[in-house]
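**Q** Below you will find the structure I want to go over with you.
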Amino acid sequence: MKVILLQNIKGFGQIGDVKNVSDGYGRNFLLPRKMAKAANESSMKEVESLKEKRIIMIETEKKNALEAVEKLKDLVIEFTRKSTKTGKLFAGIGKDDIVAEIKKASGVQLQEEMIGHDEPIKHVGEHLVDLNLSLEVKTQIKVLVKTE
């Protein structure tokens, strides 16, 4: 079954892509959730408008990411947590903590998926955390963890 994607689906495709999927995946998952629609003659004409929409979306995402980079350029986020004598934290600092602190410090709203640090921070000290703000725009921020 051929479908036209109406949303970006991570690891699968972008808006406007024409994909060949199994009938069950198309009928039971993509179509009911309005993530795709069946590809036929009339819907193939809509692909061009979807591709234009994707280009506009990428440009605005890049512009917003560049604005966020300016706000986050010299930002240092500080956490004060309880730790052992060796400097290991009792509770790690996860992506959700980092996102909340960035929003509080700079007003920039991020999603947890944008943070490139997979494991929670579990030690006192200075850590560099990668931020993937868009496909092309990436930056780093400093996270400083102090003991109570």
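Chain lettering (A, B, ...) mirrors the order of the structure tokens, residue numbering begins at 1 for each chain separately, and ligand numbering begins at 1 in order of display.
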Write out as a list in words which residues come within 9 Å of segment 121-126 of chain A when counting only C-alpha atoms, dropping same-chain ones fewer than 6 positions away.
**A**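 My list of contacting residues is Thr80, Arg81, Ser83, Thr86, Gly87, Lys88, Leu89, Phe90, Ala91, Gly92, Ile93, Gly94, Lys142, Val143, Leu144, Val145, Lys146 and Thr147 of chain A.
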**Q** Write the residues you've just listed into a file as a CSV table (one decimal), in the first residue's frame, and include C-alpha atoms for each of them.
**A**
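File written: again_35.csv
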```csv
chain,number,residue,atom,x,y,z
A,80,THR,CA,22.6,21.9,44.0
A,81,ARG,CA,22.0,18.3,45.1
A,83,SER,CA,25.8,13.7,47.2
A,86,THR,CA,33.0,10.9,46.8
A,87,GLY,CA,30.9,13.3,44.8
A,88,LYS,CA,28.3,10.9,43.5
A,89,LEU,CA,24.7,12.2,43.5
A,90,PHE,CA,22.0,10.4,45.4
A,91,ALA,CA,19.5,11.3,42.6
A,92,GLY,CA,20.7,11.9,39.0
A,93,ILE,CA,19.9,15.0,37.0
A,94,GLY,CA,17.8,13.9,34.0
A,142,LYS,CA,27.4,24.0,30.7
A,143,VAL,CA,25.8,22.2,33.6
A,144,LEU,CA,27.4,22.9,37.0
A,145,VAL,CA,26.5,20.4,39.7
A,146,LYS,CA,27.3,21.4,43.3
A,147,THR,CA,26.9,19.5,46.5
```
**Q** Per DSSP on the backbone, what are the strand (DSSP E) residues of segment 59-136 of chain A, as a list in words?
**A** Val76, Ile77, Glu78, Phe79, Thr80, Arg81, Lys88, Leu89, Phe90, Ala91, Gly92, Ile93, Ile121, Lys122, His123, Gly125, Glu126, His127, Leu128, Val129, Asp130, Leu131 and Asn132 of chain A
**Q** Please produce a file of the residues just selected, as a short mmCIF file (atom, residue, chain, number, x, y, z; two decimals), in the first residue's frame, where the atoms kept are N, CA and C atoms.
**A**
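Ended up saving to again30.cif:
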```cif
data_model
loop_
_atom_site.label_atom_id
_atom_site.label_comp_id
_atom_site.auth_asym_id
_atom_site.auth_seq_id
_atom_site.Cartn_x
_atom_site.Cartn_y
_atom_site.Cartn_z
N VAL A 76 25.02 29.06 31.85
CA VAL A 76 25.52 28.02 32.74
C VAL A 76 24.39 27.68 33.70
N ILE A 77 23.99 26.43 33.70
CA ILE A 77 22.90 25.99 34.56
C ILE A 77 23.50 25.35 35.80
N GLU A 78 23.02 25.76 36.96
CA GLU A 78 23.55 25.23 38.21
C GLU A 78 22.49 24.41 38.94
N PHE A 79 22.93 23.27 39.44
CA PHE A 79 22.09 22.42 40.27
C PHE A 79 22.82 22.20 41.59
N THR A 80 22.08 22.21 42.68
CA THR A 80 22.65 21.88 43.99
C THR A 80 21.89 20.66 44.50
N ARG A 81 22.62 19.57 44.66
CA ARG A 81 22.00 18.31 45.07
C ARG A 81 22.80 17.64 46.18
N LYS A 88 29.33 11.50 44.26
CA LYS A 88 28.27 10.86 43.48
C LYS A 88 26.92 11.32 44.02
N LEU A 89 26.04 11.72 43.12
CA LEU A 89 24.72 12.23 43.53
C LEU A 89 23.81 11.08 43.96
N PHE A 90 22.96 11.36 44.95
CA PHE A 90 21.98 10.37 45.36
C PHE A 90 20.89 10.21 44.30
N ALA A 91 20.52 11.28 43.65
CA ALA A 91 19.53 11.25 42.57
C ALA A 91 20.13 11.98 41.37
N GLY A 92 20.14 11.31 40.24
CA GLY A 92 20.73 11.89 39.04
C GLY A 92 19.91 13.05 38.50
N ILE A 93 20.55 13.85 37.67
CA ILE A 93 19.89 14.98 37.01
C ILE A 93 19.56 14.53 35.59
N ILE A 121 22.99 12.82 34.76
CA ILE A 121 24.24 13.28 35.36
C ILE A 121 24.25 12.81 36.81
N LYS A 122 25.31 12.10 37.19
CA LYS A 122 25.34 11.49 38.52
C LYS A 122 26.52 11.91 39.37
N HIS A 123 27.32 12.87 38.88
CA HIS A 123 28.50 13.29 39.63
C HIS A 123 28.56 14.80 39.76
N GLY A 125 30.27 18.39 39.64
CA GLY A 125 31.27 18.97 38.75
C GLY A 125 30.62 19.68 37.58
N GLU A 126 31.46 19.99 36.59
CA GLU A 126 31.00 20.70 35.40
C GLU A 126 30.83 19.70 34.26
N HIS A 127 29.69 19.77 33.59
CA HIS A 127 29.38 18.85 32.50
C HIS A 127 28.95 19.66 31.28
N LEU A 128 29.37 19.23 30.10
CA LEU A 128 28.91 19.83 28.84
C LEU A 128 27.78 18.96 28.30
N VAL A 129 26.66 19.59 28.00
CA VAL A 129 25.50 18.87 27.50
C VAL A 129 25.20 19.36 26.09
N ASP A 130 25.09 18.43 25.14
CA ASP A 130 24.79 18.77 23.75
C ASP A 130 23.29 19.02 23.60
N LEU A 131 22.96 20.04 22.81
CA LEU A 131 21.57 20.34 22.47
C LEU A 131 21.42 20.28 20.97
N ASN A 132 20.51 19.45 20.48
CA ASN A 132 20.22 19.34 19.05
C ASN A 132 18.93 20.11 18.80
#
```
**Q** So what do you get for atom CA of Leu31 of chain A versus atom CA of Ile15 of chain A, distance-wise?
**A** 14.2 Å
**Q** Work out how far apart atom CA of Thr139 of chain A and atom CA of Ile9 of chain A are and give it in Å to one decimal.
**A**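 Calculated distance between atom CA of Thr139 of chain A and atom CA of Ile9 of chain A is 23.7 Å.
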**Q** Distance atom CA of Leu75 of chain A-atom CA of Ile141 of chain A, one decimal place?
**A**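 These two atoms are separated by 6.3 Å.
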**Q** I want to know what sits within 9 Å of Gln111 of chain A, based on only C-alpha atoms, with residues of the same chain fewer than 6 positions away left out; could you give that as a count of residues only?
**A** 3
**Q** Rank A:Lys2, A:Ser106, A:Lys53, A:Lys71 by their smallest atom-to-atom distance to Tyr25 of chain A, using only C-alpha atoms, and report the top residue only.
**A** A:Lys2
